[in-house]
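Quick look at my_file-v4.cif (mmCIF, C-alpha atoms):
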data_my_file
#
loop_
_atom_site.label_atom_id
_atom_site.label_comp_id
_atom_site.auth_asym_id
_atom_site.auth_seq_id
_atom_site.Cartn_x
_atom_site.Cartn_y
_atom_site.Cartn_z
CA MET F 983 7.61 49.81 77.71
CA SER F 984 4.33 48.20 78.83
CA SER F 985 2.89 48.58 75.31
CA LEU F 986 5.95 46.88 73.81
CA ARG F 987 5.64 44.05 76.31
CA MET F 988 1.97 43.53 75.46
CA THR F 989 2.79 43.48 71.76
CA SER F 990 5.47 40.86 72.35
CA ASP F 991 3.13 38.70 74.43
CA LEU F 992 0.40 38.95 71.81
CA ARG F 993 2.83 37.97 69.06
CA ARG F 994 3.91 34.96 71.11
CA GLN F 995 0.30 33.83 71.49
CA LEU F 996 -0.35 34.26 67.76
CA ILE F 997 2.69 32.09 67.01
CA LEU F 998 1.48 29.42 69.44
CA GLY F 999 -1.97 29.46 67.85
CA ALA F 1000 -0.50 29.02 64.37
CA ALA F 1001 1.82 26.27 65.61
CA LYS F 1002 -1.07 24.34 67.20
CA ARG F 1003 -2.88 24.33 63.86
CA CYS F 1004 0.23 23.18 62.01
CA PHE F 1005 1.06 20.40 64.49
CA ALA F 1006 -2.57 19.23 64.50
CA ARG F 1007 -2.64 19.09 60.69
CA HIS F 1008 0.83 17.77 59.89
CA GLY F 1009 2.14 16.21 63.11
CA TYR F 1010 5.47 17.00 64.70
CA ASN F 1011 7.70 15.62 61.96
CA GLY F 1012 5.65 17.19 59.17
CA THR F 1013 5.74 20.66 60.71
CA THR F 1014 8.64 23.07 60.19
CA THR F 1015 9.42 26.43 61.76
CA LYS F 1016 9.10 27.87 58.26
CA SER F 1017 5.54 26.57 57.91
CA VAL F 1018 4.63 27.87 61.37
CA ALA F 1019 6.05 31.30 60.53
CA ALA F 1020 4.03 31.35 57.31
CA ALA F 1021 0.86 30.38 59.17
CA ALA F 1022 1.50 33.17 61.68
CA ALA F 1023 2.25 35.65 58.85
CA ILE F 1024 5.69 36.48 60.24
CA SER F 1025 9.26 35.83 59.20
CA GLU F 1026 11.08 32.75 60.43
CA ALA F 1027 13.68 35.06 62.01
CA LEU F 1028 10.96 36.72 64.10
CA LEU F 1029 9.65 33.33 65.18
CA PHE F 1030 13.13 32.41 66.44
CA LYS F 1031 13.17 35.52 68.63
CA HIS F 1032 10.31 33.98 70.60
CA PHE F 1033 11.10 30.27 70.26
CA PRO F 1034 14.65 29.06 69.53
CA SER F 1035 13.58 25.77 67.91
CA LYS F 1036 10.65 23.61 66.85
CA ALA F 1037 11.15 21.50 69.96
CA ALA F 1038 10.86 24.57 72.19
CA LEU F 1039 7.68 25.60 70.39
CA TYR F 1040 6.09 22.18 70.79
CA ALA F 1041 7.13 21.90 74.44
CA GLU F 1042 5.48 25.27 75.13
CA ILE F 1043 2.25 24.08 73.52
CA LEU F 1044 2.24 20.96 75.70
CA SER F 1045 2.91 23.09 78.77
CA ASP F 1046 -0.03 25.37 77.92
CA GLU F 1047 -2.30 22.35 77.49
CA CYS F 1048 -1.24 20.96 80.87
CA GLU F 1049 -1.85 24.28 82.58
CA ALA F 1050 -5.34 24.38 81.07
CA ASP F 1051 -6.20 20.82 82.18
CA PRO F 1052 -8.99 21.11 84.82
CA ALA F 1053 -7.84 17.96 86.63
CA LEU F 1054 -4.28 19.26 86.93
CA ILE F 1055 -5.48 22.70 88.01
CA GLU F 1056 -7.57 21.09 90.76
CA LEU F 1057 -4.61 18.98 91.87
CA LEU F 1058 -2.21 21.92 91.99
CA GLU F 1059 -4.69 23.91 94.09
CA ARG F 1060 -4.85 21.22 96.76
CA GLU F 1061 -3.08 21.50 100.08
CA PRO F 1062 0.09 19.36 100.15
CA SER F 1063 -0.77 16.09 101.88
CA THR F 1064 -0.55 12.32 101.68
CA ALA F 1065 -3.85 12.29 99.79
CA THR F 1066 -2.52 14.80 97.26
CA LEU F 1067 0.63 12.72 96.81
CA VAL F 1068 -1.41 9.58 96.14
CA GLU F 1069 -3.66 11.42 93.70
CA LEU F 1070 -0.64 12.79 91.84
CA ILE F 1071 0.85 9.32 91.40
CA ARG F 1072 -2.49 7.80 90.44
CA GLY F 1073 -3.07 10.56 87.87
CA MET F 1074 0.37 9.97 86.40
CA VAL F 1075 -0.30 6.25 86.05
CA GLN F 1076 -3.68 6.81 84.41
CA HIS F 1077 -2.20 9.37 82.03
CA PHE F 1078 0.51 7.05 80.76
CA LEU F 1079 -1.46 3.78 80.72
CA GLY F 1080 -4.40 5.20 78.80
CA PRO F 1081 -2.85 7.45 76.13
CA ASP F 1082 -4.86 8.48 73.09
CA GLN F 1083 -3.31 8.54 69.64
CA GLU F 1084 -1.95 12.06 70.07
CA GLU F 1085 -0.39 11.29 73.45
CA ALA F 1086 1.11 8.07 72.08
CA GLN F 1087 2.82 10.13 69.37
CA ARG F 1088 4.28 12.43 72.03
CA LEU F 1089 5.56 9.41 73.91
CA ARG F 1090 7.30 8.20 70.75
CA LEU F 1091 8.78 11.67 70.32
CA MET F 1092 10.13 11.58 73.87
CA ALA F 1093 11.74 8.19 73.24
CA THR F 1094 13.29 9.43 70.00
CA SER F 1095 14.56 12.57 71.69
CA HIS F 1096 16.43 10.53 74.29
CA LEU F 1097 18.24 8.72 71.49
CA ASP F 1098 18.89 11.89 69.50
CA ASP F 1099 20.03 15.28 70.85
CA GLY F 1100 17.69 15.20 73.87
CA GLU F 1101 16.47 18.77 73.30
CA PHE F 1102 12.75 18.02 73.36
CA ALA F 1103 13.04 15.70 76.38
CA ARG F 1104 15.05 18.28 78.36
CA LEU F 1105 12.52 21.02 77.61
CA LEU F 1106 9.54 18.87 78.55
CA TYR F 1107 11.16 17.61 81.75
CA ALA F 1108 11.82 21.22 82.75
CA LYS F 1109 8.17 22.12 82.12
CA ILE F 1110 6.95 19.11 84.13
CA GLU F 1111 9.24 19.95 87.05
CA THR F 1112 8.03 23.55 87.08
CA LEU F 1113 4.38 22.46 87.11
CA ILE F 1114 4.45 19.49 89.47
CA GLY F 1115 7.80 19.31 91.27
CA SER F 1116 6.99 21.61 94.18
CA ILE F 1117 3.60 20.05 95.03
CA PHE F 1118 5.17 16.57 94.95
CA VAL F 1119 8.00 17.53 97.29
CA ALA F 1120 5.71 19.44 99.67
CA SER F 1121 3.20 16.56 99.78
CA LEU F 1122 5.96 14.03 100.42
CA GLU F 1123 7.23 16.18 103.30
CA ARG F 1124 3.71 16.27 104.78
CA ALA F 1125 3.39 12.50 104.40
CA VAL F 1126 6.67 11.99 106.28
CA ALA F 1127 5.64 14.46 108.99
CA SER F 1128 2.29 12.69 109.49
CA GLY F 1129 3.92 9.26 109.75
CA ASP F 1130 2.49 8.05 106.43
CA ALA F 1131 5.94 7.78 104.81
CA ARG F 1132 9.45 7.03 105.92
CA PRO F 1133 12.01 9.84 105.67
CA GLY F 1134 14.42 9.52 102.77
CA SER F 1135 18.12 10.29 102.65
CA GLY F 1136 18.33 11.45 99.04
CA GLU F 1137 16.94 14.23 96.89
CA PRO F 1138 13.10 14.20 97.20
CA LEU F 1139 12.56 15.36 93.62
CA ASN F 1140 14.49 12.34 92.37
CA LEU F 1141 11.70 10.14 93.73
CA PHE F 1142 9.26 11.97 91.47
CA TRP F 1143 11.47 11.34 88.45
CA PHE F 1144 11.98 7.68 89.37
CA ALA F 1145 8.20 7.26 89.47
CA HIS F 1146 7.72 9.21 86.23
CA HIS F 1147 10.33 7.21 84.32
CA THR F 1148 8.99 3.89 85.60
CA VAL F 1149 5.49 4.65 84.33
CA MET F 1150 6.78 6.07 81.06
CA THR F 1151 8.79 2.90 80.40
CA ALA F 1152 5.76 0.75 81.19
CA ALA F 1153 3.78 2.81 78.68
CA LEU F 1154 6.44 2.36 76.00
CA THR F 1155 5.92 -1.41 76.10
CA ARG F 1156 2.32 -0.84 74.96
CA LEU F 1157 2.97 1.48 72.00
CA SER F 1158 3.49 -1.10 69.28
CA THR F 1159 0.53 -2.75 67.57
CA THR F 1160 1.36 -5.90 69.48
CA PRO F 1161 2.50 -4.93 73.00
CA CYS F 1162 6.10 -5.85 73.73
CA LEU F 1163 5.10 -7.02 77.20
CA VAL F 1164 1.70 -7.98 78.55
CA TYR F 1165 1.39 -7.19 82.26
CA GLY F 1166 -2.17 -8.39 82.72
CA ARG F 1167 -5.59 -6.82 83.15
CA GLY F 1168 -5.65 -3.04 82.87
CA ASP F 1169 -7.45 -2.35 86.15
CA ASP F 1170 -5.10 -4.64 88.09
CA LEU F 1171 -2.08 -3.11 86.37
CA GLU F 1172 -3.08 0.40 87.39
CA ARG F 1173 -3.42 -0.50 91.03
CA GLN F 1174 -0.28 -2.64 91.11
CA LEU F 1175 1.77 0.12 89.52
CA CYS F 1176 0.37 2.75 91.90
CA GLU F 1177 1.20 0.58 94.91
CA PHE F 1178 4.70 -0.14 93.58
CA LEU F 1179 5.45 3.54 93.05
CA LEU F 1180 3.96 4.70 96.34
CA ARG F 1181 6.00 2.13 98.26
CA GLY F 1182 9.06 3.20 96.31
CA ILE F 1183 8.69 6.83 97.34
CA GLY F 1184 8.29 5.78 100.95
CA LEU F 1185 4.59 5.44 101.80
CA ASN F 1186 3.66 2.70 104.24
CA ASP F 1187 1.05 0.06 103.46
CA ALA F 1188 -1.56 1.53 105.81
CA ALA F 1189 -1.41 4.93 104.08
CA ILE F 1190 -1.55 3.33 100.64
CA ALA F 1191 -4.56 1.17 101.55
CA SER F 1192 -6.36 4.15 103.06
CA HIS F 1193 -5.76 6.81 100.43
CA LEU F 1194 -5.43 4.75 97.26
CA GLY F 1195 -8.52 2.72 98.08
CA HIS F 1196 -10.53 5.87 98.85
CA ASP F 1197 -9.37 7.69 95.73
CA GLN F 1198 -10.09 4.77 93.43
CA ALA F 1199 -13.55 4.24 94.91
CA ALA F 1200 -14.33 7.93 94.35
CA ASP F 1201 -13.04 7.75 90.79
CA GLU F 1202 -15.14 4.67 90.03
CA GLY F 1203 -18.17 6.55 91.32
CA LYS F 1204 -17.43 9.49 89.01
CA THR F 1205 -17.01 7.08 86.08
CA ALA F 1206 -20.35 5.42 86.80
CA ILE F 1207 -22.08 8.81 86.95
CA ALA F 1208 -20.46 9.90 83.67
CA GLU F 1209 -21.45 6.67 81.92
CA SER F 1210 -25.04 6.94 83.05
CA ALA F 1211 -25.36 10.59 82.01
#

Could the structure of this file be written out as structure tokens, please?
Amino acid sequence: MSSLRMTSDLRRQLILGAAKRCFARHGYNGTTTKSVAAAAAISEALLFKHFPSKAALYAEILSDECEADPALIELLEREPSTATLVELIRGMVQHFLGPDQEEAQRLRLMATSHLDDGEFARLLYAKIETLIGSIFVASLERAVASGDARPGSGEPLNLFWFAHHTVMTAALTRLSTTPCLVYGRGDDLERQLCEFLLRGIGLNDAAIASHLGHDQAADEGKTAIAESA
């Protein structure tokens, strides 16, 4: 039984490795489950036993990449707190406002999925919730308990999604060659958006000024060190 399980897990990893190569070479639209199966030296039917669709395969790859991200690993290992909540929101803003070409393509795919059958968007939202949802809710509860945030009457996880969708929409305005909307200077935009979101999820101004200011100063220091290295 254990041997069969190991064989199945290994096969799954081989499929993911082949899929990563295919997506990197041909992009999402240019990759098919048939081409992934060929690259993995298996039948398409066997591929479908592990991944029901191309969208599921791609979502799993993105999830693996997130789980391997050192910054996200460090964040998820933190104790739930106001500081962790602020760092989570700030990281989300930086992720969406500074996408590279590959991330921009994923953002386009998300937008298209919402207008199509929604399969890819649903899968990715589920992965994001599994990775980040619990630390967000726990940190928000700590912020409320410490007096840094007002208690809410609704579903706490909804506040995470409201913040996520706000930043994602802001990022969509910047995808075209000529931005659809110009907010202003990038550094000001990042801080303004962080403050807007943190107030929206309930943090008071004193907590925002304390933790956001501290986090950004630390980040600027790290940037200066990296640039001088």

Residue by residue, what does the PyMOL selection byres ((chain F and resi 1018-1024) around 7) grab here? Present the result as a list in words.
Leu996, Ile997, Ala1000, Ala1001, Cys1004, Thr1014, Thr1015, Lys1016, Ser1017, Ser1025, Glu1026, Leu1028 and Leu1029 of chain F

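Across the model, the gap from CA of Leu1106 in chain F to CA of Leu1091 in chain F is 11.0 Å.
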
Let me make sure I understand: among F:Ala1086, F:Leu1154, F:Ile1071, F:Ile1043, which one has the smallest atom-to-atom distance to Gly1182 in chain F if we use all atoms listed in the file?
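Once distances to Gly1182 in chain F are computed over all atoms listed in the file, the minimum belongs to F:Ile1071.
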
From F:Gly1184, F:Gly999, F:Gly1009, F:Gly1195, residue lying nearest Arg1088 in chain F [all atoms listed in the file]
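Checking each candidate against Arg1088 in chain F, we get F:Gly1009 as the closest.
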
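Closest approach to Glu1059 in chain F among F:Ala1131, F:Val1075, F:Ile1117, F:Ala1153: F:Ile1117, based on all atoms listed in the file.
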
For Phe1005 in chain F, which residue among F:Arg1132, F:Asp991, F:Thr1066, F:Gln1087 is the nearest when counting only C-alpha atoms?
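Between F:Arg1132, F:Asp991, F:Thr1066, F:Gln1087, the residue approaching Phe1005 in chain F most closely is F:Gln1087.
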
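Atom to atom, CA of His1077 in chain F and CA of Ser1121 in chain F stand 19.9 Å apart.
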
Taking 3 positions as the minimum chain separation for residues in the same chain, which residues sit within 12 Å of Ala1108 in chain F when counting all atoms listed in the file? Answer as an MDAnalysis selection string.
chainID F and resid 1038 1041:1042 1044:1045 1101:1105 1111:1115 1143
